[in-house]
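See below for the structure under consideration.
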Amino acid sequence: MAGHDMSNMPSDPYAAPMSGMAHGNMTTVGLVDHGRNGFDPTSMLTDWETGRTELLPDGRTLRTFEIDAIDREIEIAPGIFFPAWTFNGRVPGPALRAKEGDRLRIVFRNLGSHPHSMHFHGIHSARMDGVPGAGLIGPGEEFIYEFDAKPFGCHLYHCHALPLKRHMHKGMYGLFVIDPDPARQTDPAFTAIAASRLHGSPENAEWQELAMVMNAFDTNFDGANEVYAANTVGQAYMNVPIQIDKTRPVRIYLVNVTEFDPINSFHLHANFFNYFDTGTTLTPTLRTVDLITQCQAQRGILEFSFAEHEDGMYMFHAHQSEFTELGWVGMFDVRGPAA
Ligand SMILES: [Cu+2]
């Protein structure tokens, strides 16, 4: 660490890589080729997969997702490649998003080299659980999962093939967010809160929503991780800070899928947030905290605002120092409205 001077950061972080400049050369050298990976951690923050919708005879929405299991080598830090097993070619898999009460149909094709499944954290029948005998399929096979979207919250899906530890850490996981239906709320105050969580609503458009999956990679297969990140690429949000308009509130959908380490955490610098454990309530389960911890598959929603802050670079990271130094750290580039 050669100091903490960030004055030489370019005003436009997209103009030039900042590797090695921010925070005293703590970052990796060089940049990951997101084009070759086929996914970019910056766009992954907001590229929700909402599927294809049609109206059922009973007036409900049928929402169909198409997911392929694909073997793919991905670059997780500059020059460090990992032989991943993916959903739709990306790690984490697509951030699926639905509305409470939708009928969901997930068409899952296994184009990979090993048996895989999709196990959803949600409420559904045993036949749809994605465990051996219930949707675990071999290479070249297809299975259709179908169930109702409930309960609303911030959930996840992952492959449940054995050995589970291997299939998880190879990259087979993703966010599964079910938005609350405002019409199901009786109290007007909760109707408004539910509307603010409903993707595509005018109330929701006021928020800056970010999808973050805390993950890690064991690149030498010794049962311990070498690279940690949110959304796979170590240091990605140091090299390209996340743009935040401070006039609008921020909501993060956060899940931890880190294998081999018992817990992970999220710490926000210079600010505090409200936390909705599992996202299944419309009132916070923790108020005014600056750090939460999550065991594997734990998840929740963070809400905060930089409205009263001066413009600047605000850090976020796991508060396990080892994780931070091995990649799980980033910056919010907080700015007021453009002059
Ligand atoms: Cu698998």
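Labels used: A, B, ... for chains in the order of the structure tokens, numbers from 1 for residues in each chain, and numbers from 1 for ligands as shown.
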### Query
Counting only C-alpha atoms and all ligand atoms, which protein, DNA or RNA residues come within 7 Å of ligand 1, given as a list in words?
His114, Pro115, His116, Ser117, Cys159, His160, Ala161, His167 and Met172 of chain A
### Task
Name all residues at most 8 Å from stretch 67-78 of chain A (count only C-alpha atoms; drop same-chain ones fewer than 5 positions away) and give them as a list of chain:residue names.
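My reading of the contact set: A:Thr28, A:Val29, A:Gly30, A:Leu31, A:Val32, A:Asp33, A:Asn37, A:Pro83, A:Ala84, A:Trp85, A:Thr86, A:Phe87, A:Asn88, A:Gly89, A:Ile106, A:Val107, A:Phe108, A:Arg109, A:Asn110, A:Leu111, A:Gly112, A:Ser113, A:His116, A:Val227, A:Thr232, A:Val233, A:Gly234, A:Gln235.
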### Summary
Using only C-alpha atoms, the best pick from A:Leu56, A:Ala189, A:Ile137, A:Ala230 as closest to A:Leu162 would be A:Ile137
### Query
Quick one: DSSP strand (DSSP E) residues in stretch 233-263 of chain A, as a ChimeraX atom specification?
/A:242-245,250-256,263
Could you please take those selected residues and save N, CA and C atoms as a PDB file, in the first residue's frame?
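Now in selection.pdb:
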```
ATOM      1  N   ILE A 242     -19.230   1.934  -9.293  1.00  0.00           N
ATOM      2  CA  ILE A 242     -20.658   1.932  -9.609  1.00  0.00           C
ATOM      3  C   ILE A 242     -21.190   3.357  -9.509  1.00  0.00           C
ATOM      4  N   GLN A 243     -21.771   3.843 -10.584  1.00  0.00           N
ATOM      5  CA  GLN A 243     -22.293   5.211 -10.633  1.00  0.00           C
ATOM      6  C   GLN A 243     -23.566   5.317  -9.791  1.00  0.00           C
ATOM      7  N   ILE A 244     -23.569   6.253  -8.855  1.00  0.00           N
ATOM      8  CA  ILE A 244     -24.744   6.466  -8.006  1.00  0.00           C
ATOM      9  C   ILE A 244     -25.182   7.934  -8.106  1.00  0.00           C
ATOM     10  N   ASP A 245     -26.446   8.134  -8.474  1.00  0.00           N
ATOM     11  CA  ASP A 245     -27.074   9.457  -8.446  1.00  0.00           C
ATOM     12  C   ASP A 245     -27.578   9.662  -7.024  1.00  0.00           C
ATOM     13  N   VAL A 250     -30.925   3.882  -2.979  1.00  0.00           N
ATOM     14  CA  VAL A 250     -30.255   2.692  -3.517  1.00  0.00           C
ATOM     15  C   VAL A 250     -30.831   1.445  -2.842  1.00  0.00           C
ATOM     16  N   ARG A 251     -31.044   0.421  -3.633  1.00  0.00           N
ATOM     17  CA  ARG A 251     -31.521  -0.859  -3.093  1.00  0.00           C
ATOM     18  C   ARG A 251     -30.657  -1.973  -3.683  1.00  0.00           C
ATOM     19  N   ILE A 252     -30.045  -2.757  -2.816  1.00  0.00           N
ATOM     20  CA  ILE A 252     -29.196  -3.864  -3.276  1.00  0.00           C
ATOM     21  C   ILE A 252     -29.861  -5.190  -2.935  1.00  0.00           C
ATOM     22  N   TYR A 253     -29.979  -6.049  -3.929  1.00  0.00           N
ATOM     23  CA  TYR A 253     -30.401  -7.434  -3.717  1.00  0.00           C
ATOM     24  C   TYR A 253     -29.122  -8.254  -3.581  1.00  0.00           C
ATOM     25  N   LEU A 254     -28.882  -8.754  -2.385  1.00  0.00           N
ATOM     26  CA  LEU A 254     -27.589  -9.369  -2.061  1.00  0.00           C
ATOM     27  C   LEU A 254     -27.775 -10.818  -1.635  1.00  0.00           C
ATOM     28  N   VAL A 255     -26.980 -11.704  -2.227  1.00  0.00           N
ATOM     29  CA  VAL A 255     -26.994 -13.108  -1.786  1.00  0.00           C
ATOM     30  C   VAL A 255     -25.553 -13.587  -1.664  1.00  0.00           C
ATOM     31  N   ASN A 256     -25.313 -14.460  -0.713  1.00  0.00           N
ATOM     32  CA  ASN A 256     -23.986 -15.045  -0.550  1.00  0.00           C
ATOM     33  C   ASN A 256     -24.010 -16.503  -1.004  1.00  0.00           C
ATOM     34  N   ILE A 263     -18.904 -17.910   6.294  1.00  0.00           N
ATOM     35  CA  ILE A 263     -19.711 -16.697   6.151  1.00  0.00           C
ATOM     36  C   ILE A 263     -19.032 -15.692   5.236  1.00  0.00           C
TER      37      ILE A 263
END
```
Just the residues within 6 Å of stretch 38-45 of chain A, please, counting only C-alpha atoms, with nothing from its chain fewer than 5 positions along; format it as a PDB file with N, CA and C atoms, in the first residue's frame.
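around15.pdb was written with the following content:
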```
ATOM      1  N   LEU A 210     -29.581  -2.702  -7.544  1.00  0.00           N
ATOM      2  CA  LEU A 210     -28.352  -3.386  -7.928  1.00  0.00           C
ATOM      3  C   LEU A 210     -28.416  -4.851  -7.492  1.00  0.00           C
ATOM      4  N   ALA A 211     -28.038  -5.745  -8.382  1.00  0.00           N
ATOM      5  CA  ALA A 211     -27.990  -7.178  -8.079  1.00  0.00           C
ATOM      6  C   ALA A 211     -26.550  -7.568  -7.769  1.00  0.00           C
ATOM      7  N   ASN A 231     -20.316 -10.597  -7.905  1.00  0.00           N
ATOM      8  CA  ASN A 231     -20.516 -10.823  -9.338  1.00  0.00           C
ATOM      9  C   ASN A 231     -19.230 -11.258 -10.044  1.00  0.00           C
TER      10      ASN A 231
END
```
Give me the stretch 229-322 of chain A side of the contact with stretch 199-206 of chain A, cut-off 10 Å, one line per residue showing its nearest atom pair and distance in Å at one decimal, counting only C-alpha atoms, sorted by chain and residue number, as a tab-separated table.
```
residue	atom	partner	partner_atom	distance
A:Thr247	CA	A:Glu206	CA	9.4
A:Arg248	CA	A:Glu206	CA	6.3
A:Pro249	CA	A:Glu206	CA	7.4
A:Val250	CA	A:Glu206	CA	9.3
```
Please dump the current selection as a short mmCIF file (atom, residue, chain, number, x, y, z; two decimals), in the first residue's frame; keep C-alpha atoms.
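Full text of part_1.cif as output:
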```
data_model
loop_
_atom_site.label_atom_id
_atom_site.label_comp_id
_atom_site.auth_asym_id
_atom_site.auth_seq_id
_atom_site.Cartn_x
_atom_site.Cartn_y
_atom_site.Cartn_z
CA THR A 247 -30.74 12.16 -5.34
CA ARG A 248 -32.19 8.65 -5.70
CA PRO A 249 -32.25 5.91 -3.07
CA VAL A 250 -30.25 2.69 -3.52
#
```
### Summary
For A:Leu96, the closest of A:Gly35, A:Arg166, A:Gly174, A:Lys150 counting only C-alpha atoms is A:Gly174
#### Entry: Atom pair atom CA of A:His269 / atom CA of A:Ala318: separation (Å)
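Atom-to-atom, atom CA of A:His269 to atom CA of A:Ala318, that is 11.0 Å.
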#### Entry: Exercise: A:Met238 partners within 7 Å, only C-alpha atoms, chain neighbours under 3 positions left out, as a PyMOL selection string
chain A and resi 235+241+329-331
DSSP says alpha helix (DSSP H) for which residues of stretch 83-299 of chain A? Put them as an mmCIF file with N, CA, C and O atoms, in the first residue's frame?
```cif
data_model
loop_
_atom_site.group_PDB
_atom_site.id
_atom_site.type_symbol
_atom_site.label_atom_id
_atom_site.label_comp_id
_atom_site.auth_asym_id
_atom_site.auth_seq_id
_atom_site.Cartn_x
_atom_site.Cartn_y
_atom_site.Cartn_z
ATOM 1 N N LEU A 164 -22.581 -31.511 -4.094
ATOM 2 C CA LEU A 164 -23.155 -30.165 -4.111
ATOM 3 C C LEU A 164 -22.082 -29.077 -4.045
ATOM 4 O O LEU A 164 -22.140 -28.069 -4.744
ATOM 5 N N LYS A 165 -21.095 -29.315 -3.187
ATOM 6 C CA LYS A 165 -20.033 -28.325 -2.994
ATOM 7 C C LYS A 165 -19.356 -28.008 -4.328
ATOM 8 O O LYS A 165 -19.076 -26.863 -4.653
ATOM 9 N N ARG A 166 -19.138 -29.054 -5.124
ATOM 10 C CA ARG A 166 -18.461 -28.850 -6.405
ATOM 11 C C ARG A 166 -19.356 -28.084 -7.373
ATOM 12 O O ARG A 166 -18.920 -27.141 -8.031
ATOM 13 N N HIS A 167 -20.622 -28.492 -7.460
ATOM 14 C CA HIS A 167 -21.513 -27.845 -8.424
ATOM 15 C C HIS A 167 -21.785 -26.390 -8.044
ATOM 16 O O HIS A 167 -21.957 -25.540 -8.909
ATOM 17 N N MET A 168 -21.831 -26.101 -6.746
ATOM 18 C CA MET A 168 -22.013 -24.709 -6.321
ATOM 19 C C MET A 168 -20.788 -23.884 -6.701
ATOM 20 O O MET A 168 -20.893 -22.836 -7.343
ATOM 21 N N HIS A 169 -19.625 -24.366 -6.313
ATOM 22 C CA HIS A 169 -18.459 -23.489 -6.478
ATOM 23 C C HIS A 169 -18.013 -23.379 -7.930
ATOM 24 O O HIS A 169 -17.319 -22.429 -8.298
ATOM 25 N N PRO A 188 -52.498 1.091 2.991
ATOM 26 C CA PRO A 188 -51.978 1.947 1.908
ATOM 27 C C PRO A 188 -50.475 2.207 2.023
ATOM 28 O O PRO A 188 -49.778 2.306 1.011
ATOM 29 N N ALA A 189 -49.969 2.304 3.241
ATOM 30 C CA ALA A 189 -48.529 2.546 3.422
ATOM 31 C C ALA A 189 -47.734 1.384 2.839
ATOM 32 O O ALA A 189 -46.710 1.582 2.178
ATOM 33 N N PHE A 190 -48.224 0.180 3.068
ATOM 34 C CA PHE A 190 -47.521 -0.987 2.539
ATOM 35 C C PHE A 190 -47.734 -1.149 1.038
ATOM 36 O O PHE A 190 -46.873 -1.676 0.335
ATOM 37 N N THR A 191 -48.883 -0.674 0.549
ATOM 38 C CA THR A 191 -49.108 -0.702 -0.905
ATOM 39 C C THR A 191 -48.020 0.097 -1.610
ATOM 40 O O THR A 191 -47.453 -0.343 -2.614
ATOM 41 N N ALA A 192 -47.691 1.268 -1.047
ATOM 42 C CA ALA A 192 -46.672 2.129 -1.657
ATOM 43 C C ALA A 192 -45.290 1.478 -1.589
ATOM 44 O O ALA A 192 -44.519 1.531 -2.548
ATOM 45 N N ILE A 193 -45.001 0.851 -0.461
ATOM 46 C CA ILE A 193 -43.689 0.192 -0.328
ATOM 47 C C ILE A 193 -43.588 -0.971 -1.303
ATOM 48 O O ILE A 193 -42.575 -1.157 -1.980
ATOM 49 N N ALA A 194 -44.676 -1.752 -1.382
ATOM 50 C CA ALA A 194 -44.665 -2.887 -2.318
ATOM 51 C C ALA A 194 -44.497 -2.386 -3.749
ATOM 52 O O ALA A 194 -43.754 -2.984 -4.542
ATOM 53 N N ALA A 195 -45.162 -1.277 -4.084
ATOM 54 C CA ALA A 195 -45.044 -0.725 -5.442
ATOM 55 C C ALA A 195 -43.610 -0.308 -5.738
ATOM 56 O O ALA A 195 -43.114 -0.481 -6.855
ATOM 57 N N SER A 196 -42.923 0.193 -4.721
ATOM 58 C CA SER A 196 -41.536 0.628 -4.944
ATOM 59 C C SER A 196 -40.617 -0.565 -5.207
ATOM 60 O O SER A 196 -39.548 -0.416 -5.784
ATOM 61 N N ARG A 197 -41.060 -1.747 -4.796
ATOM 62 C CA ARG A 197 -40.252 -2.959 -5.032
ATOM 63 C C ARG A 197 -40.640 -3.667 -6.338
ATOM 64 O O ARG A 197 -39.972 -4.614 -6.748
ATOM 65 N N PRO A 202 -43.673 2.835 -11.877
ATOM 66 C CA PRO A 202 -43.119 4.195 -11.757
ATOM 67 C C PRO A 202 -42.434 4.401 -10.405
ATOM 68 O O PRO A 202 -41.394 5.058 -10.330
ATOM 69 N N GLU A 203 -43.017 3.840 -9.343
ATOM 70 C CA GLU A 203 -42.416 3.976 -8.007
ATOM 71 C C GLU A 203 -41.055 3.289 -7.955
ATOM 72 O O GLU A 203 -40.109 3.784 -7.344
ATOM 73 N N ASN A 204 -40.956 2.154 -8.627
ATOM 74 C CA ASN A 204 -39.697 1.397 -8.640
ATOM 75 C C ASN A 204 -38.614 2.143 -9.427
ATOM 76 O O ASN A 204 -37.426 2.066 -9.087
ATOM 77 N N ALA A 205 -39.051 2.885 -10.445
ATOM 78 C CA ALA A 205 -38.087 3.588 -11.299
ATOM 79 C C ALA A 205 -37.351 4.692 -10.545
ATOM 80 O O ALA A 205 -36.314 5.175 -10.997
ATOM 81 N N ALA A 236 -13.643 -5.756 -9.738
ATOM 82 C CA ALA A 236 -14.325 -5.162 -10.896
ATOM 83 C C ALA A 236 -14.845 -3.762 -10.585
ATOM 84 O O ALA A 236 -14.728 -2.840 -11.406
ATOM 85 N N TYR A 237 -15.405 -3.584 -9.359
ATOM 86 C CA TYR A 237 -16.011 -2.281 -9.038
ATOM 87 C C TYR A 237 -15.000 -1.318 -8.422
ATOM 88 O O TYR A 237 -15.358 -0.199 -8.045
ATOM 89 N N MET A 238 -13.742 -1.739 -8.307
ATOM 90 C CA MET A 238 -12.661 -0.788 -8.052
ATOM 91 C C MET A 238 -12.222 -0.195 -9.392
ATOM 92 O O MET A 238 -11.992 1.006 -9.514
ATOM 93 N N ASN A 239 -12.108 -1.066 -10.389
ATOM 94 C CA ASN A 239 -11.675 -0.605 -11.712
ATOM 95 C C ASN A 239 -12.746 0.248 -12.385
ATOM 96 O O ASN A 239 -12.437 1.218 -13.064
#
```
### Task
Find the distance between atom CA of A:Thr61 and atom CA of A:Glu141 and write it in Å to one decimal.
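Straight-line distance from atom CA of A:Thr61 to atom CA of A:Glu141 works out to 26.9 Å.
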### Message
So the first atom is atom CA of A:Ala216 and the second is atom CA of A:Val257; what is the distance between them in Å, to one decimal place?
### Response
8.1 Å
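Minimum atom-to-atom distances from A:Ser305, A:Gln320, A:Thr219, A:Thr281 to A:Phe81 were compared using only C-alpha atoms, and the lowest value belongs to A:Thr219.
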Using only C-alpha atoms, which protein or nucleic acid residues come within 8 Å of A:Ile292? Drop anything in the same chain fewer than 5 positions from it, and give the result as a PDB file with N, CA, C and O atoms, in the first residue's frame.
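Dumped to result_20.pdb:
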```pdb
ATOM      1  N   SER A 265     -19.687 -11.201   4.189  1.00  0.00           N
ATOM      2  CA  SER A 265     -20.311 -10.014   4.768  1.00  0.00           C
ATOM      3  C   SER A 265     -20.298  -8.865   3.774  1.00  0.00           C
ATOM      4  O   SER A 265     -19.606  -8.904   2.755  1.00  0.00           O
ATOM      5  N   PHE A 266     -21.107  -7.862   4.095  1.00  0.00           N
ATOM      6  CA  PHE A 266     -21.170  -6.637   3.282  1.00  0.00           C
ATOM      7  C   PHE A 266     -21.075  -5.455   4.220  1.00  0.00           C
ATOM      8  O   PHE A 266     -21.894  -5.311   5.139  1.00  0.00           O
ATOM      9  N   HIS A 267     -20.072  -4.632   4.017  1.00  0.00           N
ATOM     10  CA  HIS A 267     -19.875  -3.428   4.826  1.00  0.00           C
ATOM     11  C   HIS A 267     -19.896  -2.219   3.918  1.00  0.00           C
ATOM     12  O   HIS A 267     -19.197  -2.173   2.909  1.00  0.00           O
TER      13      HIS A 267
END
```
#### Entry: Contacts of A:Gly122 at 9 Å (only C-alpha atoms; same-chain gap of 3+ positions) as a ChimeraX atom specification
/A:148-152,155-157,176
Write to file, as a tab-separated table (two decimals), in the first residue's frame, the residues of the selection just made, with C-alpha atoms.
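selection.tsv written:
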```tsv
chain	number	residue	atom	x	y	z
A	148	ASP	CA	-46.09	-20.26	-8.45
A	149	ALA	CA	-43.89	-17.29	-7.54
A	150	LYS	CA	-44.01	-17.18	-3.75
A	151	PRO	CA	-43.17	-15.90	-1.23
A	152	PHE	CA	-42.03	-12.44	-2.34
A	155	HIS	CA	-34.12	-15.59	-3.15
A	156	LEU	CA	-31.70	-17.72	-5.13
A	157	TYR	CA	-31.49	-20.78	-7.29
A	176	PHE	CA	-34.25	-15.25	-7.88
```
### Message
When you look at A:Leu55 with a cut-off of 12 Å (counting only C-alpha atoms), what residues show up, excluding the ones that are within fewer than 5 positions of it in the same chain? I need them as a PyMOL selection string.
### Response
chain A and resi 60-64+102-104
With N, CA and C atoms retained, could you export that selection as a PDB file, in the first residue's frame?
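Output below, filename selection.pdb:
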```pdb
ATOM      1  N   ARG A  60     -54.087 -14.789 -14.710  1.00  0.00           N
ATOM      2  CA  ARG A  60     -52.745 -14.705 -14.134  1.00  0.00           C
ATOM      3  C   ARG A  60     -51.700 -14.602 -15.241  1.00  0.00           C
ATOM      4  N   THR A  61     -50.505 -14.227 -14.842  1.00  0.00           N
ATOM      5  CA  THR A  61     -49.390 -14.143 -15.792  1.00  0.00           C
ATOM      6  C   THR A  61     -48.593 -15.435 -15.753  1.00  0.00           C
ATOM      7  N   LEU A  62     -48.360 -15.994 -16.939  1.00  0.00           N
ATOM      8  CA  LEU A  62     -47.408 -17.104 -17.064  1.00  0.00           C
ATOM      9  C   LEU A  62     -46.086 -16.510 -17.517  1.00  0.00           C
ATOM     10  N   ARG A  63     -45.036 -16.748 -16.722  1.00  0.00           N
ATOM     11  CA  ARG A  63     -43.727 -16.171 -17.021  1.00  0.00           C
ATOM     12  C   ARG A  63     -42.752 -17.314 -17.304  1.00  0.00           C
ATOM     13  N   THR A  64     -42.173 -17.299 -18.508  1.00  0.00           N
ATOM     14  CA  THR A  64     -41.319 -18.409 -18.941  1.00  0.00           C
ATOM     15  C   THR A  64     -39.870 -17.964 -19.055  1.00  0.00           C
ATOM     16  N   ASP A 102     -47.233 -14.832  -9.965  1.00  0.00           N
ATOM     17  CA  ASP A 102     -47.025 -15.310 -11.340  1.00  0.00           C
ATOM     18  C   ASP A 102     -46.942 -16.830 -11.343  1.00  0.00           C
ATOM     19  N   ARG A 103     -47.368 -17.431 -12.467  1.00  0.00           N
ATOM     20  CA  ARG A 103     -47.058 -18.842 -12.694  1.00  0.00           C
ATOM     21  C   ARG A 103     -45.709 -18.866 -13.407  1.00  0.00           C
ATOM     22  N   LEU A 104     -44.749 -19.591 -12.872  1.00  0.00           N
ATOM     23  CA  LEU A 104     -43.406 -19.617 -13.467  1.00  0.00           C
ATOM     24  C   LEU A 104     -43.177 -20.934 -14.188  1.00  0.00           C
TER      25      LEU A 104
END
```
